[in-house]
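Trainee: Okay, so here is data.cif, and as you'll see once you scroll down, it has mmCIF, N, CA and C atoms.
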data_start
loop_
_atom_site.label_atom_id
_atom_site.label_comp_id
_atom_site.auth_asym_id
_atom_site.auth_seq_id
_atom_site.Cartn_x
_atom_site.Cartn_y
_atom_site.Cartn_z
N MET R 127 -158.53 -3.15 119.54
CA MET R 127 -159.72 -3.43 118.79
C MET R 127 -160.93 -2.86 119.49
N SER R 128 -161.95 -2.57 118.73
CA SER R 128 -163.20 -2.04 119.26
C SER R 128 -164.02 -3.14 119.89
N THR R 129 -165.02 -2.75 120.66
CA THR R 129 -165.91 -3.72 121.26
C THR R 129 -166.88 -4.24 120.21
N PRO R 130 -166.94 -5.58 120.02
CA PRO R 130 -167.86 -6.14 119.03
C PRO R 130 -169.32 -5.88 119.42
N ILE R 131 -170.16 -5.65 118.42
CA ILE R 131 -171.60 -5.48 118.65
C ILE R 131 -172.34 -6.50 117.80
N ALA R 132 -173.61 -6.71 118.12
CA ALA R 132 -174.42 -7.67 117.37
C ALA R 132 -174.48 -7.26 115.90
N ASP R 133 -174.44 -8.24 115.01
CA ASP R 133 -174.40 -7.98 113.58
C ASP R 133 -175.36 -8.94 112.88
N SER R 134 -176.45 -8.42 112.36
CA SER R 134 -177.44 -9.27 111.71
C SER R 134 -176.94 -9.86 110.39
N THR R 135 -175.83 -9.35 109.87
CA THR R 135 -175.27 -9.90 108.63
C THR R 135 -174.27 -11.02 108.93
N ASN R 136 -174.18 -11.42 110.16
CA ASN R 136 -173.20 -12.43 110.58
C ASN R 136 -173.88 -13.77 110.89
N ARG R 137 -174.76 -14.18 110.02
CA ARG R 137 -175.59 -15.36 110.27
C ARG R 137 -174.83 -16.68 110.25
N LEU R 138 -173.66 -16.71 109.63
CA LEU R 138 -172.86 -17.94 109.58
C LEU R 138 -171.85 -18.03 110.71
N ALA R 139 -171.89 -17.11 111.66
CA ALA R 139 -170.92 -17.09 112.76
C ALA R 139 -170.92 -18.39 113.55
N TRP R 140 -172.03 -19.08 113.63
CA TRP R 140 -172.11 -20.33 114.38
C TRP R 140 -171.12 -21.36 113.84
N LEU R 141 -170.76 -21.25 112.57
CA LEU R 141 -169.78 -22.19 112.01
C LEU R 141 -168.42 -22.06 112.68
N LEU R 142 -168.15 -20.90 113.26
CA LEU R 142 -166.83 -20.64 113.84
C LEU R 142 -166.73 -20.99 115.32
N ASP R 143 -167.82 -21.47 115.91
CA ASP R 143 -167.83 -21.79 117.34
C ASP R 143 -166.72 -22.76 117.75
N GLY R 144 -166.36 -23.69 116.89
CA GLY R 144 -165.33 -24.68 117.22
C GLY R 144 -163.94 -24.10 117.36
N LEU R 145 -163.77 -22.83 117.01
CA LEU R 145 -162.46 -22.18 117.12
C LEU R 145 -162.34 -21.27 118.33
N GLU R 146 -163.32 -21.30 119.19
CA GLU R 146 -163.24 -20.51 120.43
C GLU R 146 -162.39 -21.28 121.42
N LEU R 147 -161.07 -21.16 121.24
CA LEU R 147 -160.08 -21.89 122.03
C LEU R 147 -159.20 -20.92 122.79
N ASP R 148 -158.54 -21.40 123.85
CA ASP R 148 -157.57 -20.57 124.55
C ASP R 148 -156.50 -20.12 123.57
N GLY R 149 -156.23 -18.84 123.57
CA GLY R 149 -155.18 -18.30 122.71
C GLY R 149 -155.65 -17.83 121.35
N VAL R 150 -156.91 -18.10 120.99
CA VAL R 150 -157.44 -17.62 119.71
C VAL R 150 -158.11 -16.28 119.96
N ARG R 151 -157.63 -15.26 119.27
CA ARG R 151 -158.21 -13.92 119.40
C ARG R 151 -159.56 -13.85 118.69
N PHE R 152 -159.59 -14.33 117.44
CA PHE R 152 -160.81 -14.32 116.65
C PHE R 152 -160.62 -15.18 115.42
N SER R 153 -161.72 -15.44 114.73
CA SER R 153 -161.68 -16.17 113.46
C SER R 153 -162.62 -15.48 112.48
N VAL R 154 -162.29 -15.63 111.19
CA VAL R 154 -163.07 -15.01 110.12
C VAL R 154 -163.20 -16.01 108.98
N LEU R 155 -164.41 -16.16 108.49
CA LEU R 155 -164.66 -16.94 107.28
C LEU R 155 -164.74 -15.93 106.15
N LEU R 156 -163.96 -16.15 105.10
CA LEU R 156 -163.89 -15.20 104.01
C LEU R 156 -163.96 -15.90 102.66
N SER R 157 -164.38 -15.15 101.67
CA SER R 157 -164.41 -15.68 100.31
C SER R 157 -163.02 -15.56 99.70
N ASP R 158 -162.77 -16.30 98.63
CA ASP R 158 -161.47 -16.24 97.97
C ASP R 158 -161.11 -14.83 97.52
N ASP R 159 -162.12 -14.02 97.22
CA ASP R 159 -161.84 -12.66 96.76
C ASP R 159 -161.79 -11.64 97.90
N GLY R 160 -161.73 -12.12 99.15
CA GLY R 160 -161.48 -11.24 100.28
C GLY R 160 -162.68 -10.61 100.94
N LEU R 161 -163.87 -11.16 100.72
CA LEU R 161 -165.07 -10.63 101.38
C LEU R 161 -165.37 -11.42 102.64
N ARG R 162 -165.72 -10.72 103.71
CA ARG R 162 -166.08 -11.37 104.97
C ARG R 162 -167.40 -12.11 104.79
N MET R 163 -167.42 -13.36 105.19
CA MET R 163 -168.65 -14.15 105.16
C MET R 163 -169.22 -14.30 106.57
N ALA R 164 -168.33 -14.39 107.56
CA ALA R 164 -168.73 -14.52 108.97
C ALA R 164 -167.51 -14.21 109.83
N HIS R 165 -167.79 -13.86 111.09
CA HIS R 165 -166.69 -13.61 112.02
C HIS R 165 -167.11 -13.99 113.43
N SER R 166 -166.13 -14.30 114.25
CA SER R 166 -166.38 -14.67 115.63
C SER R 166 -166.64 -13.41 116.47
N PRO R 167 -167.10 -13.58 117.70
CA PRO R 167 -167.40 -12.43 118.56
C PRO R 167 -166.17 -11.58 118.93
N GLY R 168 -164.97 -12.08 118.75
CA GLY R 168 -163.77 -11.36 119.18
C GLY R 168 -163.33 -10.22 118.28
N ILE R 169 -164.12 -9.91 117.24
CA ILE R 169 -163.72 -8.88 116.28
C ILE R 169 -164.99 -8.19 115.75
N THR R 170 -164.89 -6.89 115.47
CA THR R 170 -166.04 -6.18 114.92
C THR R 170 -166.18 -6.50 113.43
N ARG R 171 -167.32 -6.15 112.88
CA ARG R 171 -167.55 -6.38 111.45
C ARG R 171 -166.54 -5.61 110.60
N ASP R 172 -166.32 -4.34 110.92
CA ASP R 172 -165.37 -3.54 110.13
C ASP R 172 -163.96 -4.13 110.18
N GLU R 173 -163.54 -4.53 111.37
CA GLU R 173 -162.21 -5.14 111.50
C GLU R 173 -162.15 -6.48 110.76
N ALA R 174 -163.24 -7.25 110.82
CA ALA R 174 -163.29 -8.53 110.12
C ALA R 174 -163.21 -8.32 108.61
N GLU R 175 -163.82 -7.26 108.11
CA GLU R 175 -163.75 -6.97 106.68
C GLU R 175 -162.32 -6.60 106.27
N ARG R 176 -161.64 -5.81 107.10
CA ARG R 176 -160.24 -5.47 106.83
C ARG R 176 -159.36 -6.72 106.89
N PHE R 177 -159.59 -7.57 107.89
CA PHE R 177 -158.83 -8.81 108.03
C PHE R 177 -159.04 -9.69 106.80
N ALA R 178 -160.29 -9.82 106.35
CA ALA R 178 -160.60 -10.67 105.19
C ALA R 178 -159.86 -10.18 103.95
N ALA R 179 -159.85 -8.88 103.72
CA ALA R 179 -159.16 -8.33 102.56
C ALA R 179 -157.65 -8.60 102.64
N ALA R 180 -157.07 -8.37 103.82
CA ALA R 180 -155.63 -8.61 103.99
C ALA R 180 -155.29 -10.09 103.88
N ALA R 181 -156.14 -10.95 104.46
CA ALA R 181 -155.90 -12.40 104.40
C ALA R 181 -155.95 -12.89 102.96
N SER R 182 -156.84 -12.33 102.17
CA SER R 182 -156.93 -12.69 100.76
C SER R 182 -155.65 -12.32 100.03
N GLY R 183 -155.10 -11.15 100.36
CA GLY R 183 -153.83 -10.74 99.77
C GLY R 183 -152.70 -11.66 100.15
N LEU R 184 -152.65 -12.05 101.43
CA LEU R 184 -151.62 -12.98 101.88
C LEU R 184 -151.76 -14.32 101.17
N ARG R 185 -152.98 -14.74 100.98
CA ARG R 185 -153.26 -16.00 100.28
C ARG R 185 -152.75 -15.93 98.84
N SER R 186 -152.94 -14.80 98.19
CA SER R 186 -152.45 -14.62 96.82
C SER R 186 -150.93 -14.73 96.75
N LEU R 187 -150.26 -14.16 97.74
CA LEU R 187 -148.79 -14.29 97.79
C LEU R 187 -148.38 -15.74 97.94
N GLY R 188 -149.11 -16.48 98.75
CA GLY R 188 -148.83 -17.90 98.90
C GLY R 188 -148.99 -18.66 97.60
N LYS R 189 -150.01 -18.31 96.83
CA LYS R 189 -150.21 -18.96 95.52
C LYS R 189 -149.05 -18.66 94.59
N ALA R 190 -148.56 -17.41 94.62
CA ALA R 190 -147.46 -17.02 93.76
C ALA R 190 -146.18 -17.79 94.09
N LEU R 191 -146.02 -18.20 95.34
CA LEU R 191 -144.82 -18.92 95.76
C LEU R 191 -144.95 -20.44 95.59
N GLY R 192 -146.13 -20.93 95.24
CA GLY R 192 -146.39 -22.37 95.14
C GLY R 192 -145.46 -23.10 94.20
N GLU R 193 -145.07 -22.46 93.11
CA GLU R 193 -144.21 -23.12 92.13
C GLU R 193 -142.85 -23.50 92.72
N PHE R 194 -142.44 -22.86 93.81
CA PHE R 194 -141.17 -23.17 94.43
C PHE R 194 -141.25 -24.40 95.34
N CYS R 195 -142.45 -24.92 95.52
CA CYS R 195 -142.66 -26.11 96.34
C CYS R 195 -143.16 -27.29 95.52
N GLY R 196 -143.18 -27.17 94.20
CA GLY R 196 -143.67 -28.26 93.37
C GLY R 196 -144.04 -27.75 92.00
N PRO R 197 -144.80 -28.54 91.28
CA PRO R 197 -145.15 -28.17 89.90
C PRO R 197 -146.08 -26.95 89.84
N ALA R 198 -146.16 -26.37 88.65
CA ALA R 198 -147.06 -25.22 88.45
C ALA R 198 -148.48 -25.61 88.86
N GLY R 199 -149.20 -24.67 89.43
CA GLY R 199 -150.56 -24.94 89.88
C GLY R 199 -150.63 -25.64 91.23
N ASN R 200 -149.51 -25.73 91.92
CA ASN R 200 -149.44 -26.36 93.24
C ASN R 200 -150.31 -25.55 94.21
N PRO R 201 -151.45 -26.08 94.66
CA PRO R 201 -152.38 -25.28 95.48
C PRO R 201 -151.88 -25.04 96.90
N VAL R 202 -152.26 -23.89 97.44
CA VAL R 202 -151.93 -23.54 98.82
C VAL R 202 -152.92 -24.26 99.73
N ARG R 203 -152.44 -24.91 100.76
CA ARG R 203 -153.32 -25.52 101.75
C ARG R 203 -153.50 -24.60 102.95
N GLN R 204 -152.37 -24.06 103.43
CA GLN R 204 -152.45 -23.23 104.62
C GLN R 204 -151.31 -22.21 104.61
N ASN R 205 -151.63 -20.99 105.05
CA ASN R 205 -150.62 -19.95 105.26
C ASN R 205 -150.48 -19.76 106.77
N MET R 206 -149.25 -19.52 107.20
CA MET R 206 -149.01 -19.25 108.62
C MET R 206 -147.97 -18.14 108.70
N THR R 207 -148.31 -17.06 109.38
CA THR R 207 -147.40 -15.95 109.57
C THR R 207 -147.26 -15.70 111.06
N GLU R 208 -146.01 -15.69 111.52
CA GLU R 208 -145.75 -15.51 112.95
C GLU R 208 -145.26 -14.09 113.22
N TYR R 209 -145.81 -13.48 114.25
CA TYR R 209 -145.43 -12.15 114.70
C TYR R 209 -144.91 -12.25 116.13
N ASP R 210 -144.36 -11.19 116.67
CA ASP R 210 -143.88 -11.22 118.06
C ASP R 210 -145.00 -11.57 119.04
N ASN R 211 -146.22 -11.08 118.75
CA ASN R 211 -147.32 -11.25 119.71
C ASN R 211 -148.43 -12.18 119.24
N GLY R 212 -148.17 -12.99 118.23
CA GLY R 212 -149.21 -13.92 117.79
C GLY R 212 -148.98 -14.44 116.40
N MET R 213 -149.99 -15.13 115.90
CA MET R 213 -149.90 -15.75 114.59
C MET R 213 -151.19 -15.52 113.81
N ILE R 214 -151.06 -15.54 112.50
CA ILE R 214 -152.21 -15.53 111.59
C ILE R 214 -152.14 -16.83 110.81
N LEU R 215 -153.22 -17.58 110.80
CA LEU R 215 -153.32 -18.82 110.03
C LEU R 215 -154.49 -18.70 109.07
N ILE R 216 -154.28 -19.14 107.85
CA ILE R 216 -155.34 -19.11 106.83
C ILE R 216 -155.34 -20.46 106.15
N THR R 217 -156.51 -21.07 106.05
CA THR R 217 -156.61 -22.37 105.40
C THR R 217 -157.82 -22.40 104.47
N SER R 218 -157.74 -23.23 103.44
CA SER R 218 -158.87 -23.42 102.53
C SER R 218 -160.03 -24.02 103.28
N ALA R 219 -161.24 -23.57 102.94
CA ALA R 219 -162.44 -24.06 103.63
C ALA R 219 -163.54 -24.34 102.61
N GLY R 220 -163.25 -25.18 101.67
CA GLY R 220 -164.23 -25.50 100.64
C GLY R 220 -164.07 -24.61 99.43
N ALA R 221 -164.88 -24.87 98.43
CA ALA R 221 -164.80 -24.13 97.17
C ALA R 221 -165.11 -22.66 97.40
N GLY R 222 -164.14 -21.79 97.11
CA GLY R 222 -164.36 -20.36 97.19
C GLY R 222 -164.31 -19.75 98.57
N ALA R 223 -163.86 -20.50 99.58
CA ALA R 223 -163.86 -19.97 100.95
C ALA R 223 -162.52 -20.25 101.63
N GLN R 224 -162.19 -19.36 102.55
CA GLN R 224 -160.99 -19.48 103.38
C GLN R 224 -161.39 -19.25 104.83
N LEU R 225 -160.59 -19.79 105.72
CA LEU R 225 -160.80 -19.62 107.15
C LEU R 225 -159.54 -18.97 107.71
N GLY R 226 -159.69 -17.82 108.35
CA GLY R 226 -158.55 -17.11 108.95
C GLY R 226 -158.69 -17.04 110.45
N VAL R 227 -157.57 -17.21 111.14
CA VAL R 227 -157.55 -17.19 112.60
C VAL R 227 -156.38 -16.33 113.06
N ALA R 228 -156.61 -15.51 114.08
CA ALA R 228 -155.55 -14.75 114.73
C ALA R 228 -155.40 -15.28 116.15
N THR R 229 -154.15 -15.49 116.58
CA THR R 229 -153.88 -16.04 117.91
C THR R 229 -152.95 -15.12 118.69
N ILE R 230 -152.81 -15.42 119.96
CA ILE R 230 -151.76 -14.82 120.77
C ILE R 230 -150.52 -15.69 120.59
N SER R 231 -149.39 -15.28 121.14
CA SER R 231 -148.16 -16.04 120.93
C SER R 231 -148.14 -17.35 121.72
N GLU R 232 -148.79 -17.39 122.87
CA GLU R 232 -148.84 -18.62 123.67
C GLU R 232 -150.11 -19.38 123.34
N VAL R 233 -150.05 -20.19 122.30
CA VAL R 233 -151.23 -20.92 121.84
C VAL R 233 -150.81 -22.35 121.48
N ASP R 234 -151.72 -23.27 121.65
CA ASP R 234 -151.47 -24.66 121.22
C ASP R 234 -151.72 -24.71 119.72
N LEU R 235 -150.67 -24.46 118.96
CA LEU R 235 -150.77 -24.36 117.51
C LEU R 235 -151.29 -25.65 116.88
N ALA R 236 -150.89 -26.79 117.39
CA ALA R 236 -151.36 -28.06 116.84
C ALA R 236 -152.87 -28.20 117.01
N LEU R 237 -153.39 -27.80 118.16
CA LEU R 237 -154.83 -27.88 118.40
C LEU R 237 -155.58 -26.91 117.49
N VAL R 238 -155.08 -25.69 117.36
CA VAL R 238 -155.74 -24.71 116.50
C VAL R 238 -155.76 -25.19 115.06
N ALA R 239 -154.62 -25.67 114.56
CA ALA R 239 -154.55 -26.16 113.18
C ALA R 239 -155.48 -27.35 112.97
N HIS R 240 -155.54 -28.25 113.95
CA HIS R 240 -156.43 -29.41 113.87
C HIS R 240 -157.89 -28.96 113.79
N ARG R 241 -158.29 -28.04 114.67
CA ARG R 241 -159.67 -27.54 114.67
C ARG R 241 -159.99 -26.80 113.38
N MET R 242 -159.01 -26.05 112.87
CA MET R 242 -159.22 -25.33 111.61
C MET R 242 -159.49 -26.31 110.48
N ASN R 243 -158.72 -27.40 110.43
CA ASN R 243 -158.92 -28.38 109.36
C ASN R 243 -160.26 -29.10 109.51
N GLU R 244 -160.65 -29.42 110.74
CA GLU R 244 -161.98 -30.01 110.96
C GLU R 244 -163.08 -29.05 110.50
N LEU R 245 -162.94 -27.81 110.89
CA LEU R 245 -163.94 -26.81 110.55
C LEU R 245 -163.97 -26.54 109.05
N ALA R 246 -162.80 -26.55 108.41
CA ALA R 246 -162.74 -26.33 106.97
C ALA R 246 -163.54 -27.40 106.23
N THR R 247 -163.44 -28.63 106.69
CA THR R 247 -164.21 -29.71 106.09
C THR R 247 -165.70 -29.47 106.29
N ARG R 248 -166.08 -29.07 107.49
CA ARG R 248 -167.50 -28.82 107.80
C ARG R 248 -168.03 -27.64 106.98
N VAL R 249 -167.24 -26.57 106.90
CA VAL R 249 -167.65 -25.39 106.14
C VAL R 249 -167.83 -25.76 104.67
N GLY R 250 -166.91 -26.57 104.15
CA GLY R 250 -167.03 -27.02 102.76
C GLY R 250 -168.34 -27.73 102.51
N ARG R 251 -168.77 -28.54 103.47
CA ARG R 251 -170.06 -29.25 103.33
C ARG R 251 -171.23 -28.28 103.46
N GLU R 252 -171.16 -27.37 104.44
CA GLU R 252 -172.27 -26.44 104.69
C GLU R 252 -172.45 -25.44 103.55
N LEU R 253 -171.34 -24.98 102.98
CA LEU R 253 -171.41 -23.96 101.93
C LEU R 253 -171.34 -24.55 100.54
N GLY R 254 -171.13 -25.85 100.45
CA GLY R 254 -170.95 -26.49 99.16
C GLY R 254 -172.17 -26.31 98.26
N VAL R 255 -171.89 -26.01 97.02
CA VAL R 255 -172.93 -25.85 96.02
C VAL R 255 -172.57 -26.76 94.86
N ALA R 256 -173.52 -27.53 94.40
CA ALA R 256 -173.26 -28.40 93.26
C ALA R 256 -172.91 -27.54 92.05
N PRO R 257 -171.88 -27.94 91.29
CA PRO R 257 -171.50 -27.15 90.12
C PRO R 257 -172.63 -27.12 89.11
N ARG R 258 -172.77 -25.98 88.44
CA ARG R 258 -173.79 -25.85 87.40
C ARG R 258 -173.27 -26.48 86.13
N HIS R 259 -174.14 -27.12 85.42
CA HIS R 259 -173.77 -27.75 84.15
C HIS R 259 -174.38 -26.95 83.00
N GLU R 260 -173.59 -26.80 81.96
CA GLU R 260 -174.08 -26.06 80.80
C GLU R 260 -175.32 -26.74 80.28
N GLY R 261 -176.31 -25.96 79.95
CA GLY R 261 -177.55 -26.51 79.42
C GLY R 261 -178.53 -26.94 80.51
N ALA R 262 -178.15 -26.72 81.80
CA ALA R 262 -179.08 -27.08 82.86
C ALA R 262 -180.29 -26.14 82.82
N ARG R 263 -181.44 -26.68 83.14
CA ARG R 263 -182.68 -25.92 83.11
C ARG R 263 -182.75 -25.00 84.32
N HIS R 264 -183.08 -23.74 84.10
CA HIS R 264 -183.22 -22.76 85.18
C HIS R 264 -184.67 -22.32 85.24
N ASP R 265 -185.33 -22.62 86.35
CA ASP R 265 -186.73 -22.18 86.54
C ASP R 265 -186.72 -20.78 87.14
N SER R 266 -187.63 -19.92 86.65
CA SER R 266 -187.72 -18.56 87.19
C SER R 266 -188.82 -18.46 88.19
#
Written as structure tokens, that's how I'd like the structure from this file.
Mentor:
Amino acid sequence: MSTPIADSTNRLAWLLDGLELDGVRFSVLLSDDGLRMAHSPGITRDEAERFAAAASGLRSLGKALGEFCGPAGNPVRQNMTEYDNGMILITSAGAGAQLGVATISEVDLALVAHRMNELATRVGRELGVAPRHEGARHDS
């Protein structure tokens, strides 16, 4: 990976501070449609954008397999893919957002998953937007 540089478009990166754990390479906050919303210092913006797009694709595969674990529309909570040298974890983080983490192989997976779930709840609150109601007044 390239050396990360300062990125003025990474204003939500502070949300990911709780995932700076031993064994975590980096974390990325992404939208459901695969756009990078924020990334940790361990990855460049370009790499984070590629990761976000790929993580969104992996998430879609998980949705397609949901019917094999229950009724139709069974939502994905978390994806976990293990490689020889690490893991990729993706979890829901509020309406329209996902949280992705890349680790090394020697990582406390329970701690990472726990922190991801805590952070997902926090991100959901921070990014939460009240649903719009039809007929609501819009001031210009």
Trainee: Measuring atom to atom with all atoms listed in the file, identify which of R:Gly196, R:Gly226, R:Gly220, R:Gly212 is nearest to Phe152 of chain R.
Mentor: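 Of R:Gly196, R:Gly226, R:Gly220, R:Gly212, the one nearest Phe152 of chain R, counting all atoms listed in the file, is R:Gly226.
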Trainee: List the residues sitting within 10 Å of (-150.0, -20.5, 123.2) in the file's frame, using only C-alpha atoms, as number ranges by chain.
Mentor: R: 148-150, 212-213, 229-236, 238
Trainee: Name the residues that the PyMOL selection byres (((chain R and resi 144 and name CA) around 9) and name CA) pulls out of this structure, and write them as a list in words.
Mentor: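 On this input, the PyMOL selection byres (((chain R and resi 144 and name CA) around 9) and name CA) captures Trp140, Leu141, Leu142, Asp143, Leu145, Glu146, Leu147, Arg241, Met242, Glu244 and Leu245 of chain R.
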Trainee: Run the PyMOL selection byres (((chain R and resi 161 and name CA) around 12) and name CA) against the file shown and list the residues it catches, as a PyMOL selection string.
Mentor: chain R and resi 154-160+162-165+171-183+222-226
Trainee: For the provided coordinates, the residues matched by the PyMOL selection byres ((chain R and resi 214) around 6) should be stated as a PyMOL selection string.
Mentor: chain R and resi 205-209+212-213+215-216+227-229
Trainee: Pick the closest to Arg251 of chain R from R:Ala239, R:Asn200, R:Ala219, R:Pro167: which is it, counting all atoms listed in the file?
Mentor: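 Using all atoms listed in the file, the shortest distance to Arg251 of chain R belongs to R:Ala219.
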Trainee: Mind the document's chain letters and residue numbers, and return as a ChimeraX atom specification the residues of chain R that DSSP labels helix (DSSP H, G or I).
Mentor: /R:139-145,171-195,235-253
Trainee: Please, which residues of chain R, numbered as in this document, come out strand (DSSP E) from DSSP, as an mmCIF file with N, CA and C atoms, keeping the file's coordinate frame?
Mentor:
data_model
loop_
_atom_site.group_PDB
_atom_site.id
_atom_site.type_symbol
_atom_site.label_atom_id
_atom_site.label_comp_id
_atom_site.auth_asym_id
_atom_site.auth_seq_id
_atom_site.Cartn_x
_atom_site.Cartn_y
_atom_site.Cartn_z
ATOM 1 N N VAL R 150 -156.910 -18.100 120.990
ATOM 2 C CA VAL R 150 -157.440 -17.620 119.710
ATOM 3 C C VAL R 150 -158.110 -16.280 119.960
ATOM 4 N N ARG R 151 -157.630 -15.260 119.270
ATOM 5 C CA ARG R 151 -158.210 -13.920 119.400
ATOM 6 C C ARG R 151 -159.560 -13.850 118.690
ATOM 7 N N PHE R 152 -159.590 -14.330 117.440
ATOM 8 C CA PHE R 152 -160.810 -14.320 116.650
ATOM 9 C C PHE R 152 -160.620 -15.180 115.420
ATOM 10 N N SER R 153 -161.720 -15.440 114.730
ATOM 11 C CA SER R 153 -161.680 -16.170 113.460
ATOM 12 C C SER R 153 -162.620 -15.480 112.480
ATOM 13 N N VAL R 154 -162.290 -15.630 111.190
ATOM 14 C CA VAL R 154 -163.070 -15.010 110.120
ATOM 15 C C VAL R 154 -163.200 -16.010 108.980
ATOM 16 N N LEU R 155 -164.410 -16.160 108.490
ATOM 17 C CA LEU R 155 -164.660 -16.940 107.280
ATOM 18 C C LEU R 155 -164.740 -15.930 106.150
ATOM 19 N N LEU R 156 -163.960 -16.150 105.100
ATOM 20 C CA LEU R 156 -163.890 -15.200 104.010
ATOM 21 C C LEU R 156 -163.960 -15.900 102.660
ATOM 22 N N SER R 157 -164.380 -15.150 101.670
ATOM 23 C CA SER R 157 -164.410 -15.680 100.310
ATOM 24 C C SER R 157 -163.020 -15.560 99.700
ATOM 25 N N ARG R 162 -165.720 -10.720 103.710
ATOM 26 C CA ARG R 162 -166.080 -11.370 104.970
ATOM 27 C C ARG R 162 -167.400 -12.110 104.790
ATOM 28 N N MET R 163 -167.420 -13.360 105.190
ATOM 29 C CA MET R 163 -168.650 -14.150 105.160
ATOM 30 C C MET R 163 -169.220 -14.300 106.570
ATOM 31 N N ALA R 164 -168.330 -14.390 107.560
ATOM 32 C CA ALA R 164 -168.730 -14.520 108.970
ATOM 33 C C ALA R 164 -167.510 -14.210 109.830
ATOM 34 N N HIS R 165 -167.790 -13.860 111.090
ATOM 35 C CA HIS R 165 -166.690 -13.610 112.020
ATOM 36 C C HIS R 165 -167.110 -13.990 113.430
ATOM 37 N N GLN R 204 -152.370 -24.060 103.430
ATOM 38 C CA GLN R 204 -152.450 -23.230 104.620
ATOM 39 C C GLN R 204 -151.310 -22.210 104.610
ATOM 40 N N ASN R 205 -151.630 -20.990 105.050
ATOM 41 C CA ASN R 205 -150.620 -19.950 105.260
ATOM 42 C C ASN R 205 -150.480 -19.760 106.770
ATOM 43 N N MET R 206 -149.250 -19.520 107.200
ATOM 44 C CA MET R 206 -149.010 -19.250 108.620
ATOM 45 C C MET R 206 -147.970 -18.140 108.700
ATOM 46 N N THR R 207 -148.310 -17.060 109.380
ATOM 47 C CA THR R 207 -147.400 -15.950 109.570
ATOM 48 C C THR R 207 -147.260 -15.700 111.060
ATOM 49 N N GLU R 208 -146.010 -15.690 111.520
ATOM 50 C CA GLU R 208 -145.750 -15.510 112.950
ATOM 51 C C GLU R 208 -145.260 -14.090 113.220
ATOM 52 N N TYR R 209 -145.810 -13.480 114.250
ATOM 53 C CA TYR R 209 -145.430 -12.150 114.700
ATOM 54 C C TYR R 209 -144.910 -12.250 116.130
ATOM 55 N N GLY R 212 -148.170 -12.990 118.230
ATOM 56 C CA GLY R 212 -149.210 -13.920 117.790
ATOM 57 C C GLY R 212 -148.980 -14.440 116.400
ATOM 58 N N MET R 213 -149.990 -15.130 115.900
ATOM 59 C CA MET R 213 -149.900 -15.750 114.590
ATOM 60 C C MET R 213 -151.190 -15.520 113.810
ATOM 61 N N ILE R 214 -151.060 -15.540 112.500
ATOM 62 C CA ILE R 214 -152.210 -15.530 111.590
ATOM 63 C C ILE R 214 -152.140 -16.830 110.810
ATOM 64 N N LEU R 215 -153.220 -17.580 110.800
ATOM 65 C CA LEU R 215 -153.320 -18.820 110.030
ATOM 66 C C LEU R 215 -154.490 -18.700 109.070
ATOM 67 N N ILE R 216 -154.280 -19.140 107.850
ATOM 68 C CA ILE R 216 -155.340 -19.110 106.830
ATOM 69 C C ILE R 216 -155.340 -20.460 106.150
ATOM 70 N N THR R 217 -156.510 -21.070 106.050
ATOM 71 C CA THR R 217 -156.610 -22.370 105.400
ATOM 72 C C THR R 217 -157.820 -22.400 104.470
ATOM 73 N N SER R 218 -157.740 -23.230 103.440
ATOM 74 C CA SER R 218 -158.870 -23.420 102.530
ATOM 75 C C SER R 218 -160.030 -24.020 103.280
ATOM 76 N N ALA R 223 -163.860 -20.500 99.580
ATOM 77 C CA ALA R 223 -163.860 -19.970 100.950
ATOM 78 C C ALA R 223 -162.520 -20.250 101.630
ATOM 79 N N GLN R 224 -162.190 -19.360 102.550
ATOM 80 C CA GLN R 224 -160.990 -19.480 103.380
ATOM 81 C C GLN R 224 -161.390 -19.250 104.830
ATOM 82 N N LEU R 225 -160.590 -19.790 105.720
ATOM 83 C CA LEU R 225 -160.800 -19.620 107.150
ATOM 84 C C LEU R 225 -159.540 -18.970 107.710
ATOM 85 N N GLY R 226 -159.690 -17.820 108.350
ATOM 86 C CA GLY R 226 -158.550 -17.110 108.950
ATOM 87 C C GLY R 226 -158.690 -17.040 110.450
ATOM 88 N N VAL R 227 -157.570 -17.210 111.140
ATOM 89 C CA VAL R 227 -157.550 -17.190 112.600
ATOM 90 C C VAL R 227 -156.380 -16.330 113.060
ATOM 91 N N ALA R 228 -156.610 -15.510 114.080
ATOM 92 C CA ALA R 228 -155.550 -14.750 114.730
ATOM 93 C C ALA R 228 -155.400 -15.280 116.150
ATOM 94 N N THR R 229 -154.150 -15.490 116.580
ATOM 95 C CA THR R 229 -153.880 -16.040 117.910
ATOM 96 C C THR R 229 -152.950 -15.120 118.690
ATOM 97 N N ILE R 230 -152.810 -15.420 119.960
ATOM 98 C CA ILE R 230 -151.760 -14.820 120.770
ATOM 99 C C ILE R 230 -150.520 -15.690 120.590
#
Trainee: Rounded to one decimal in Å, what is the spacing between atom CA of Ala221 of chain R and atom N of Leu237 of chain R?
Mentor: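 Those two atoms sit 24.2 Å apart.
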Trainee: For a test of reading the model, state the distance in Å between atom N of Ser153 of chain R and atom C of Arg248 of chain R, rounded to one decimal.
Mentor: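 Distance between the two atoms: 15.8 Å.
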Trainee: How many Å lie between atom CA of Leu187 of chain R and atom CA of Thr217 of chain R, rounded to one decimal?
Mentor: 13.6 Å
Trainee: I'd like the neighbourhood of Lys189 of chain R as a ChimeraX atom specification, where a residue qualifies if any of its atoms comes within 9 Å (using only C-alpha atoms), though same-chain residues fewer than 6 positions away should be ignored.
Mentor: /R:199-202
